[in-house]
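entry-v3.pdb follows (PDB, C-alpha atoms, pLDDT in the B column):
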MODEL        1
ATOM      1  CA  MET A  10      25.507   3.734 -80.709  1.00 68.00           C
ATOM      2  CA  ILE A  11      25.219   3.508 -76.954  1.00 75.00           C
ATOM      3  CA  LYS A  12      28.092   4.721 -74.812  1.00 75.00           C
ATOM      4  CA  ARG A  13      28.607   2.699 -71.633  1.00 79.00           C
ATOM      5  CA  TYR A  14      28.668   4.489 -68.297  1.00 77.00           C
ATOM      6  CA  ASP A  15      29.795   2.073 -65.551  1.00 81.00           C
ATOM      7  CA  ASP A  16      27.838   4.026 -62.950  1.00 81.00           C
ATOM      8  CA  GLY A  17      24.803   4.409 -65.240  1.00 77.00           C
ATOM      9  CA  LYS A  18      21.430   2.820 -64.575  1.00 79.00           C
ATOM     10  CA  LEU A  19      20.725   1.544 -68.086  1.00 79.00           C
ATOM     11  CA  THR A  20      23.917   1.294 -70.134  1.00 82.00           C
ATOM     12  CA  PRO A  21      25.588  -1.485 -68.087  1.00 85.00           C
ATOM     13  CA  TYR A  22      22.481  -3.594 -68.698  1.00 85.00           C
ATOM     14  CA  ILE A  23      22.418  -2.821 -72.429  1.00 84.00           C
ATOM     15  CA  HIS A  24      26.105  -3.697 -72.767  1.00 89.00           C
ATOM     16  CA  SER A  25      25.509  -7.012 -70.964  1.00 87.00           C
ATOM     17  CA  LEU A  26      23.094  -8.182 -73.674  1.00 88.00           C
ATOM     18  CA  LYS A  27      24.229 -10.930 -76.020  1.00 89.00           C
ATOM     19  CA  GLU A  28      23.610 -11.193 -79.749  1.00 89.00           C
ATOM     20  CA  GLY A  29      20.009 -12.295 -80.242  1.00 89.00           C
ATOM     21  CA  ASP A  30      18.762 -10.765 -76.967  1.00 88.00           C
ATOM     22  CA  LYS A  31      15.882  -8.321 -77.386  1.00 87.00           C
ATOM     23  CA  LEU A  32      15.350  -4.860 -76.020  1.00 83.00           C
ATOM     24  CA  ALA A  33      12.218  -2.728 -76.552  1.00 82.00           C
ATOM     25  CA  PHE A  34      12.577   0.970 -77.375  1.00 74.00           C
ATOM     26  CA  LYS A  35      10.024   3.725 -77.587  1.00 68.00           C
ATOM     27  CA  GLY A  36      10.243   6.042 -80.552  1.00 59.00           C
ATOM     28  CA  PRO A  37      11.309   7.578 -82.719  1.00 60.00           C
ATOM     29  CA  ILE A  38       9.921  10.776 -81.269  1.00 63.00           C
ATOM     30  CA  LYS A  39      10.034  13.412 -83.993  1.00 66.00           C
ATOM     31  CA  LYS A  40      11.778  16.484 -82.626  1.00 79.00           C
ATOM     32  CA  PHE A  41      12.494  18.871 -85.506  1.00 86.00           C
ATOM     33  CA  PRO A  42      11.027  18.598 -89.007  1.00 87.00           C
ATOM     34  CA  TYR A  43      14.200  19.206 -91.044  1.00 88.00           C
ATOM     35  CA  LYS A  44      13.608  20.353 -94.631  1.00 93.00           C
ATOM     36  CA  ALA A  45      16.364  20.359 -97.254  1.00 94.00           C
ATOM     37  CA  ASN A  46      17.890  23.777 -97.926  1.00 96.00           C
ATOM     38  CA  GLU A  47      15.531  25.537 -95.492  1.00 96.00           C
ATOM     39  CA  PHE A  48      18.584  27.285 -94.034  1.00 97.00           C
ATOM     40  CA  GLU A  49      21.695  28.652 -95.725  1.00 97.00           C
ATOM     41  CA  GLN A  50      23.818  27.776 -92.700  1.00 97.00           C
ATOM     42  CA  VAL A  51      23.354  25.373 -89.814  1.00 98.00           C
ATOM     43  CA  GLY A  52      25.480  25.373 -86.695  1.00 98.00           C
ATOM     44  CA  LEU A  53      25.689  22.203 -84.634  1.00 98.00           C
ATOM     45  CA  ILE A  54      27.105  22.395 -81.116  1.00 98.00           C
ATOM     46  CA  GLY A  55      27.482  19.147 -79.229  1.00 98.00           C
ATOM     47  CA  GLY A  56      29.259  17.428 -76.417  1.00 98.00           C
ATOM     48  CA  GLY A  57      29.945  13.747 -75.786  1.00 96.00           C
ATOM     49  CA  SER A  58      27.067  11.457 -76.709  1.00 93.00           C
ATOM     50  CA  GLY A  59      25.038  14.580 -77.575  1.00 96.00           C
ATOM     51  CA  ILE A  60      26.559  14.107 -81.020  1.00 97.00           C
ATOM     52  CA  THR A  61      23.826  11.569 -81.826  1.00 94.00           C
ATOM     53  CA  PRO A  62      20.989  13.825 -83.097  1.00 94.00           C
ATOM     54  CA  LEU A  63      23.476  16.261 -84.655  1.00 97.00           C
ATOM     55  CA  TYR A  64      25.147  13.478 -86.619  1.00 97.00           C
ATOM     56  CA  GLN A  65      21.731  12.234 -87.760  1.00 94.00           C
ATOM     57  CA  ILE A  66      20.817  15.680 -89.110  1.00 95.00           C
ATOM     58  CA  VAL A  67      24.059  16.261 -90.965  1.00 97.00           C
ATOM     59  CA  ARG A  68      24.251  12.739 -92.355  1.00 96.00           C
ATOM     60  CA  HIS A  69      20.660  12.936 -93.597  1.00 95.00           C
ATOM     61  CA  ALA A  70      21.172  16.366 -95.183  1.00 97.00           C
ATOM     62  CA  LEU A  71      24.493  15.580 -96.861  1.00 97.00           C
ATOM     63  CA  LYS A  72      23.058  12.443 -98.508  1.00 96.00           C
ATOM     64  CA  ASP A  73      20.775  14.738-100.501  1.00 96.00           C
ATOM     65  CA  LYS A  74      22.599  15.679-103.732  1.00 95.00           C
ATOM     66  CA  SER A  75      20.618  18.952-103.900  1.00 96.00           C
ATOM     67  CA  ASN A  76      21.873  20.100-100.468  1.00 97.00           C
ATOM     68  CA  THR A  77      23.367  23.595-100.457  1.00 97.00           C
ATOM     69  CA  THR A  78      23.187  24.215 -96.692  1.00 98.00           C
ATOM     70  CA  LYS A  79      26.584  24.767 -95.043  1.00 98.00           C
ATOM     71  CA  PHE A  80      26.903  22.806 -91.775  1.00 98.00           C
ATOM     72  CA  THR A  81      29.480  23.634 -89.102  1.00 98.00           C
ATOM     73  CA  LEU A  82      29.847  21.284 -86.129  1.00 98.00           C
ATOM     74  CA  LEU A  83      31.559  22.396 -82.916  1.00 98.00           C
ATOM     75  CA  TYR A  84      32.072  19.194 -80.955  1.00 98.00           C
ATOM     76  CA  GLY A  85      33.441  19.053 -77.407  1.00 98.00           C
ATOM     77  CA  ASN A  86      34.708  16.101 -75.374  1.00 97.00           C
ATOM     78  CA  LEU A  87      36.847  15.357 -72.344  1.00 95.00           C
ATOM     79  CA  THR A  88      39.839  13.926 -74.297  1.00 94.00           C
ATOM     80  CA  GLU A  89      40.684  13.001 -77.881  1.00 94.00           C
ATOM     81  CA  ASP A  90      39.874   9.358 -77.096  1.00 93.00           C
ATOM     82  CA  ASP A  91      36.327  10.365 -76.137  1.00 94.00           C
ATOM     83  CA  ILE A  92      35.487  11.819 -79.583  1.00 96.00           C
ATOM     84  CA  LEU A  93      32.646   9.606 -80.817  1.00 95.00           C
ATOM     85  CA  LEU A  94      32.184   9.091 -84.588  1.00 97.00           C
ATOM     86  CA  ARG A  95      35.450  10.886 -85.391  1.00 97.00           C
ATOM     87  CA  ARG A  96      36.243   8.718 -88.418  1.00 97.00           C
ATOM     88  CA  GLU A  97      32.722   9.182 -89.768  1.00 98.00           C
ATOM     89  CA  LEU A  98      32.769  12.945 -89.195  1.00 98.00           C
ATOM     90  CA  ASP A  99      36.198  13.323 -90.804  1.00 98.00           C
ATOM     91  CA  GLU A 100      34.979  11.289 -93.778  1.00 98.00           C
ATOM     92  CA  LEU A 101      31.911  13.536 -94.168  1.00 98.00           C
ATOM     93  CA  LYS A 102      34.245  16.551 -94.104  1.00 98.00           C
ATOM     94  CA  ARG A 103      36.432  14.954 -96.779  1.00 98.00           C
ATOM     95  CA  GLN A 104      33.431  14.061 -98.974  1.00 98.00           C
ATOM     96  CA  HIS A 105      31.632  17.414 -98.537  1.00 98.00           C
ATOM     97  CA  PRO A 106      34.313  20.108 -98.098  1.00 97.00           C
ATOM     98  CA  ARG A 107      32.006  22.926 -99.270  1.00 97.00           C
ATOM     99  CA  THR A 108      29.038  22.019 -97.086  1.00 98.00           C
ATOM    100  CA  PHE A 109      30.460  20.461 -93.918  1.00 98.00           C
ATOM    101  CA  ASP A 110      33.122  21.438 -91.422  1.00 98.00           C
ATOM    102  CA  VAL A 111      33.875  20.094 -87.957  1.00 98.00           C
ATOM    103  CA  VAL A 112      35.944  21.648 -85.185  1.00 98.00           C
ATOM    104  CA  TYR A 113      36.907  19.416 -82.245  1.00 98.00           C
ATOM    105  CA  PHE A 114      37.420  20.694 -78.697  1.00 98.00           C
ATOM    106  CA  VAL A 115      38.708  18.783 -75.666  1.00 97.00           C
ATOM    107  CA  ASP A 116      38.977  19.715 -71.998  1.00 95.00           C
ATOM    108  CA  LYS A 117      42.210  17.736 -71.503  1.00 91.00           C
ATOM    109  CA  LYS A 118      44.409  17.630 -74.578  1.00 91.00           C
ATOM    110  CA  THR A 119      46.672  14.596 -74.438  1.00 88.00           C
ATOM    111  CA  THR A 120      48.158  14.599 -77.955  1.00 88.00           C
ATOM    112  CA  GLY A 121      49.636  17.059 -80.427  1.00 88.00           C
ATOM    113  CA  ASP A 122      46.681  16.625 -82.799  1.00 88.00           C
ATOM    114  CA  LYS A 123      46.401  19.981 -84.599  1.00 89.00           C
ATOM    115  CA  GLU A 124      42.785  19.234 -85.585  1.00 91.00           C
ATOM    116  CA  VAL A 125      41.728  19.372 -81.924  1.00 96.00           C
ATOM    117  CA  GLN A 126      41.483  22.577 -79.911  1.00 95.00           C
ATOM    118  CA  SER A 127      41.990  22.706 -76.162  1.00 95.00           C
ATOM    119  CA  GLY A 128      39.244  24.094 -73.925  1.00 96.00           C
ATOM    120  CA  PHE A 129      35.491  24.427 -73.734  1.00 96.00           C
ATOM    121  CA  ILE A 130      33.368  25.738 -76.602  1.00 98.00           C
ATOM    122  CA  GLY A 131      32.601  29.357 -75.731  1.00 97.00           C
ATOM    123  CA  ILE A 132      31.512  32.730 -77.066  1.00 97.00           C
ATOM    124  CA  LYS A 133      34.744  33.300 -79.028  1.00 97.00           C
ATOM    125  CA  ASP A 134      34.249  29.975 -80.833  1.00 98.00           C
ATOM    126  CA  VAL A 135      30.585  30.692 -81.573  1.00 98.00           C
ATOM    127  CA  LYS A 136      31.603  34.029 -83.094  1.00 98.00           C
ATOM    128  CA  ALA A 137      34.573  32.546 -84.977  1.00 97.00           C
ATOM    129  CA  TYR A 138      32.836  29.552 -86.573  1.00 98.00           C
ATOM    130  CA  LEU A 139      29.106  30.303 -86.784  1.00 97.00           C
ATOM    131  CA  PRO A 140      27.495  32.960 -88.979  1.00 94.00           C
ATOM    132  CA  ASP A 141      26.606  36.394 -87.648  1.00 94.00           C
ATOM    133  CA  PRO A 142      23.013  35.878 -86.474  1.00 96.00           C
ATOM    134  CA  LYS A 143      21.953  39.437 -87.292  1.00 93.00           C
ATOM    135  CA  VAL A 144      23.159  39.140 -90.905  1.00 90.00           C
ATOM    136  CA  ALA A 145      21.917  35.568 -91.431  1.00 87.00           C
ATOM    137  CA  GLY A 146      18.491  36.187 -89.859  1.00 88.00           C
ATOM    138  CA  SER A 147      15.972  33.425 -90.580  1.00 93.00           C
ATOM    139  CA  LYS A 148      18.452  31.646 -92.872  1.00 96.00           C
ATOM    140  CA  VAL A 149      20.476  30.243 -89.948  1.00 97.00           C
ATOM    141  CA  LYS A 150      19.664  27.586 -87.370  1.00 98.00           C
ATOM    142  CA  VAL A 151      21.799  26.271 -84.517  1.00 98.00           C
ATOM    143  CA  PHE A 152      21.116  22.840 -83.011  1.00 98.00           C
ATOM    144  CA  VAL A 153      22.543  22.096 -79.561  1.00 98.00           C
ATOM    145  CA  CYS A 154      22.835  18.790 -77.692  1.00 97.00           C
ATOM    146  CA  GLY A 155      25.171  17.942 -74.860  1.00 97.00           C
ATOM    147  CA  PRO A 156      25.568  17.424 -71.135  1.00 96.00           C
ATOM    148  CA  PRO A 157      23.741  19.833 -68.780  1.00 95.00           C
ATOM    149  CA  GLY A 158      26.789  22.013 -68.067  1.00 96.00           C
ATOM    150  CA  GLN A 159      27.469  22.526 -71.749  1.00 97.00           C
ATOM    151  CA  MET A 160      23.812  23.231 -72.523  1.00 98.00           C
ATOM    152  CA  GLN A 161      23.721  25.841 -69.750  1.00 98.00           C
ATOM    153  CA  ALA A 162      26.889  27.537 -71.034  1.00 98.00           C
ATOM    154  CA  ILE A 163      25.945  27.461 -74.733  1.00 98.00           C
ATOM    155  CA  SER A 164      22.164  27.878 -74.976  1.00 98.00           C
ATOM    156  CA  GLY A 165      20.522  27.528 -71.586  1.00 97.00           C
ATOM    157  CA  THR A 166      18.673  24.388 -70.612  1.00 95.00           C
ATOM    158  CA  LYS A 167      15.339  23.122 -71.836  1.00 94.00           C
ATOM    159  CA  ALA A 168      12.238  23.611 -69.709  1.00 92.00           C
ATOM    160  CA  GLY A 169      10.876  20.074 -69.650  1.00 87.00           C
ATOM    161  CA  MET A 170       9.581  19.332 -73.151  1.00 85.00           C
ATOM    162  CA  LYS A 171       9.737  23.039 -74.078  1.00 92.00           C
ATOM    163  CA  GLN A 172      12.798  24.816 -75.476  1.00 95.00           C
ATOM    164  CA  GLY A 173      13.266  27.088 -72.482  1.00 95.00           C
ATOM    165  CA  GLU A 174      14.734  30.573 -72.464  1.00 97.00           C
ATOM    166  CA  LEU A 175      17.813  31.174 -74.613  1.00 98.00           C
ATOM    167  CA  SER A 176      20.917  32.160 -72.641  1.00 98.00           C
ATOM    168  CA  GLY A 177      24.642  31.458 -72.629  1.00 98.00           C
ATOM    169  CA  ALA A 178      27.128  31.968 -75.454  1.00 98.00           C
ATOM    170  CA  LEU A 179      24.522  31.863 -78.241  1.00 98.00           C
ATOM    171  CA  LYS A 180      22.451  34.666 -76.697  1.00 98.00           C
ATOM    172  CA  GLU A 181      25.610  36.624 -75.941  1.00 98.00           C
ATOM    173  CA  ALA A 182      26.625  36.267 -79.615  1.00 98.00           C
ATOM    174  CA  GLY A 183      23.283  37.757 -80.695  1.00 97.00           C
ATOM    175  CA  PHE A 184      21.261  34.662 -81.571  1.00 98.00           C
ATOM    176  CA  ILE A 185      17.542  34.728 -80.813  1.00 97.00           C
ATOM    177  CA  GLU A 186      15.280  31.870 -79.677  1.00 97.00           C
ATOM    178  CA  GLU A 187      13.894  31.272 -83.193  1.00 96.00           C
ATOM    179  CA  GLN A 188      17.422  30.565 -84.462  1.00 97.00           C
ATOM    180  CA  VAL A 189      18.231  27.897 -81.843  1.00 98.00           C
ATOM    181  CA  TYR A 190      16.899  24.396 -81.261  1.00 97.00           C
ATOM    182  CA  LYS A 191      17.847  22.398 -78.153  1.00 97.00           C
ATOM    183  CA  PHE A 192      17.661  18.602 -78.151  1.00 93.00           C
TER     184      PHE A 192
ENDMDL
END

Could you show the structure in this file as structure tokens?
Amino acid sequence: MIKRYDDGKLTPYIHSLKEGDKLAFKGPIKKFPYKANEFEQVGLIGGGSGITPLYQIVRHALKDKSNTTKFTLLYGNLTEDDILLRRELDELKRQHPRTFDVVYFVDKKTTGDKEVQSGFIGIKDVKAYLPDPKVAGSKVKVFVCGPPGQMQAISGTKAGMKQGELSGALKEAGFIEEQVYKF
């Protein structure tokens, strides 16, 4: 899935390609070696097209019949229409009610959809939906991927190819660097 940005440098070109045209990609670049049931609970916090690696993790894990890890996705977007993969995420929630939950957030709520909360994902949401990091200890992991402003507010930004210092809502909620992975 590639979201088009009209003012982007690459996506207008990609969207101009016709069926049969070729495009070379580098990768995949392995980021995190996920192991089934390594964690009791996994939090996923994403924004916009940052859903991509989070969706890959949860889809991969939930395909495994032996999965017991509970996944909770907090997913923020500008409006309800901007929620990528909503049908797929809702279907995963329906198929795996004990091991997957998703909470949608939008900056500008335009409908009466009760499944979508208004506002940015913040400290109160981290505390309400993710496990207590002090109780969960090494049995919890939080993966974060989103636009720079969201990353700064939730986890702090990466430092090049390194994870960078943990800050933002996750640190404020008591999470430590070993419990957080930034894409």

- Task: Convert the output of the PyMOL selection byres ((chain A and resi 84) around 8) on the shown file into explicit residues, formatted as an MDAnalysis selection string.
- Result: chainID A and resid 53:57 60 82:83 85:86 111:114 130

- Choose the residue, out of A:Ala70, A:Cys154, A:Val125, A:Ile132, that has the smallest atom-to-atom separation from Thr108 (chain A); count all atoms listed in the file.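 Checking each candidate against Thr108 (chain A), we get A:Ala70 as the closest.
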
- Message: For a quick check of understanding, using all atoms listed in the file, which of A:Asp73, A:Glu124, A:Asp90, A:Asp134 has the smallest distance to His105 (chain A)?
- Response: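 Smallest distance to His105 (chain A) is found for A:Asp73.
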
- Task: Could you tell me how far CA of Ala182 (chain A) lies from CA of Lys143 (chain A), in Å and to one decimal?
- Result: 9.5 Å

Once the PyMOL selection byres ((chain A and resi 177) around 10) is applied to the coordinates I shared, what remains selected? I want it as a PDB file with C-alpha atoms, in the frame of the given file.
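That gives us part.pdb:
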ATOM      1  CA  GLY A 131      32.601  29.357 -75.731  1.00 97.00           C
ATOM      2  CA  ILE A 132      31.512  32.730 -77.066  1.00 97.00           C
ATOM      3  CA  GLN A 159      27.469  22.526 -71.749  1.00 97.00           C
ATOM      4  CA  MET A 160      23.812  23.231 -72.523  1.00 98.00           C
ATOM      5  CA  GLN A 161      23.721  25.841 -69.750  1.00 98.00           C
ATOM      6  CA  ALA A 162      26.889  27.537 -71.034  1.00 98.00           C
ATOM      7  CA  ILE A 163      25.945  27.461 -74.733  1.00 98.00           C
ATOM      8  CA  SER A 164      22.164  27.878 -74.976  1.00 98.00           C
ATOM      9  CA  GLY A 165      20.522  27.528 -71.586  1.00 97.00           C
ATOM     10  CA  THR A 166      18.673  24.388 -70.612  1.00 95.00           C
ATOM     11  CA  GLU A 174      14.734  30.573 -72.464  1.00 97.00           C
ATOM     12  CA  LEU A 175      17.813  31.174 -74.613  1.00 98.00           C
ATOM     13  CA  SER A 176      20.917  32.160 -72.641  1.00 98.00           C
ATOM     14  CA  ALA A 178      27.128  31.968 -75.454  1.00 98.00           C
ATOM     15  CA  LEU A 179      24.522  31.863 -78.241  1.00 98.00           C
ATOM     16  CA  LYS A 180      22.451  34.666 -76.697  1.00 98.00           C
ATOM     17  CA  GLU A 181      25.610  36.624 -75.941  1.00 98.00           C
ATOM     18  CA  ALA A 182      26.625  36.267 -79.615  1.00 98.00           C
TER      19      ALA A 182
END

- What is the distance, in Å and to one decimal place, between CA of Val135 (chain A) and CA of Ser75 (chain A)?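 Value for the CA of Val135 (chain A)-CA of Ser75 (chain A) distance: 27.1 Å.
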
- Item | Distance criterion (only C-alpha atoms): nearest to Glu97 (chain A) out of A:Thr120, A:Val67, A:Asp16, A:Lys79 |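 Under the stated criterion, the closest residue is A:Val67.
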
- With distances taken over all atoms listed in the file, which of A:Gly155, A:Thr119, A:Pro21, A:Thr88 is nearest to Gly59 (chain A)? A:Gly155

- Message: Counting all atoms listed in the file, which residue out of A:Lys27, A:Gly128, A:Asn76, A:Lys136 sits closest to Phe48 (chain A)?
- Response: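 Closest residue, counting all atoms listed in the file: A:Asn76.
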
- Any chance you could resolve the PyMOL selection byres ((chain A and resi 23) around 12) against this file and give the residues as a list in words?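 Going through the file, the PyMOL selection byres ((chain A and resi 23) around 12) ends up selecting Met10, Ile11, Lys12, Arg13, Tyr14, Asp15, Gly17, Lys18, Leu19, Thr20, Pro21, Tyr22, His24, Ser25, Leu26, Lys27, Glu28, Asp30, Lys31, Leu32, Ala33 and Phe34 of chain A.
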
- Query: By how many Å are CA of Gly146 (chain A) and CA of Phe192 (chain A) apart?
  - Reply: 21.1 Å

So that I can check the surroundings of Arg107 (chain A), please list as a PDB file with C-alpha atoms, in the coordinates of the input every protein, DNA and RNA residue that reaches within 12 Å of it, counting all atoms listed in the file and ignoring chain neighbours fewer than 2 positions away.
ATOM      1  CA  GLN A  50      23.818  27.776 -92.700  1.00 97.00           C
ATOM      2  CA  LEU A  71      24.493  15.580 -96.861  1.00 97.00           C
ATOM      3  CA  ASN A  76      21.873  20.100-100.468  1.00 97.00           C
ATOM      4  CA  THR A  77      23.367  23.595-100.457  1.00 97.00           C
ATOM      5  CA  THR A  78      23.187  24.215 -96.692  1.00 98.00           C
ATOM      6  CA  LYS A  79      26.584  24.767 -95.043  1.00 98.00           C
ATOM      7  CA  PHE A  80      26.903  22.806 -91.775  1.00 98.00           C
ATOM      8  CA  THR A  81      29.480  23.634 -89.102  1.00 98.00           C
ATOM      9  CA  LEU A 101      31.911  13.536 -94.168  1.00 98.00           C
ATOM     10  CA  LYS A 102      34.245  16.551 -94.104  1.00 98.00           C
ATOM     11  CA  ARG A 103      36.432  14.954 -96.779  1.00 98.00           C
ATOM     12  CA  GLN A 104      33.431  14.061 -98.974  1.00 98.00           C
ATOM     13  CA  HIS A 105      31.632  17.414 -98.537  1.00 98.00           C
ATOM     14  CA  PHE A 109      30.460  20.461 -93.918  1.00 98.00           C
ATOM     15  CA  ASP A 110      33.122  21.438 -91.422  1.00 98.00           C
ATOM     16  CA  VAL A 111      33.875  20.094 -87.957  1.00 98.00           C
TER      17      VAL A 111
END

Complete the atom set of region 97-122 of chain A to N, CA and C atoms and return it as a tab-separated table (two decimals), in the coordinates of the input.
chain	number	residue	atom	x	y	z
A	97	GLU	N	33.88	8.88	-88.92
A	97	GLU	CA	32.72	9.18	-89.77
A	97	GLU	C	32.60	10.68	-90.04
A	98	LEU	N	32.84	11.49	-89.02
A	98	LEU	CA	32.77	12.94	-89.20
A	98	LEU	C	33.88	13.45	-90.11
A	99	ASP	N	35.08	12.93	-89.93
A	99	ASP	CA	36.20	13.32	-90.80
A	99	ASP	C	35.94	12.90	-92.25
A	100	GLU	N	35.31	11.75	-92.42
A	100	GLU	CA	34.98	11.29	-93.78
A	100	GLU	C	33.92	12.20	-94.42
A	101	LEU	N	32.92	12.60	-93.65
A	101	LEU	CA	31.91	13.54	-94.17
A	101	LEU	C	32.58	14.85	-94.58
A	102	LYS	N	33.52	15.32	-93.79
A	102	LYS	CA	34.24	16.55	-94.10
A	102	LYS	C	35.05	16.38	-95.40
A	103	ARG	N	35.66	15.22	-95.56
A	103	ARG	CA	36.43	14.95	-96.78
A	103	ARG	C	35.52	14.88	-98.00
A	104	GLN	N	34.37	14.23	-97.86
A	104	GLN	CA	33.43	14.06	-98.97
A	104	GLN	C	32.66	15.33	-99.32
A	105	HIS	N	32.46	16.22	-98.34
A	105	HIS	CA	31.63	17.41	-98.54
A	105	HIS	C	32.36	18.67	-98.04
A	106	PRO	N	33.52	18.99	-98.63
A	106	PRO	CA	34.31	20.11	-98.10
A	106	PRO	C	33.63	21.47	-98.20
A	107	ARG	N	32.69	21.63	-99.11
A	107	ARG	CA	32.01	22.93	-99.27
A	107	ARG	C	30.80	23.08	-98.34
A	108	THR	N	30.28	21.94	-97.87
A	108	THR	CA	29.04	22.02	-97.09
A	108	THR	C	29.14	21.43	-95.68
A	109	PHE	N	30.32	20.98	-95.28
A	109	PHE	CA	30.46	20.46	-93.92
A	109	PHE	C	31.85	20.72	-93.36
A	110	ASP	N	31.86	21.26	-92.14
A	110	ASP	CA	33.12	21.44	-91.42
A	110	ASP	C	32.90	21.02	-89.97
A	111	VAL	N	33.94	20.50	-89.36
A	111	VAL	CA	33.88	20.09	-87.96
A	111	VAL	C	35.10	20.63	-87.23
A	112	VAL	N	34.87	21.16	-86.03
A	112	VAL	CA	35.94	21.65	-85.18
A	112	VAL	C	35.82	20.90	-83.86
A	113	TYR	N	36.89	20.21	-83.48
A	113	TYR	CA	36.91	19.42	-82.24
A	113	TYR	C	37.51	20.23	-81.10
A	114	PHE	N	36.94	20.05	-79.92
A	114	PHE	CA	37.42	20.69	-78.70
A	114	PHE	C	37.53	19.63	-77.62
A	115	VAL	N	38.59	19.70	-76.80
A	115	VAL	CA	38.71	18.78	-75.67
A	115	VAL	C	39.13	19.56	-74.42
A	116	ASP	N	38.63	19.09	-73.28
A	116	ASP	CA	38.98	19.72	-72.00
A	116	ASP	C	40.43	19.43	-71.64
A	117	LYS	N	40.86	18.17	-71.88
A	117	LYS	CA	42.21	17.74	-71.50
A	117	LYS	C	42.91	17.20	-72.74
A	118	LYS	N	43.70	18.04	-73.37
A	118	LYS	CA	44.41	17.63	-74.58
A	118	LYS	C	45.59	16.75	-74.19
A	119	THR	N	45.62	15.56	-74.79
A	119	THR	CA	46.67	14.60	-74.44
A	119	THR	C	47.61	14.29	-75.60
A	120	THR	N	47.31	14.84	-76.79
A	120	THR	CA	48.16	14.60	-77.96
A	120	THR	C	48.48	15.93	-78.63
A	121	GLY	N	49.30	15.87	-79.65
A	121	GLY	CA	49.64	17.06	-80.43
A	121	GLY	C	48.75	17.23	-81.64
A	122	ASP	N	47.61	16.57	-81.67
A	122	ASP	CA	46.68	16.62	-82.80
A	122	ASP	C	46.26	18.07	-83.08
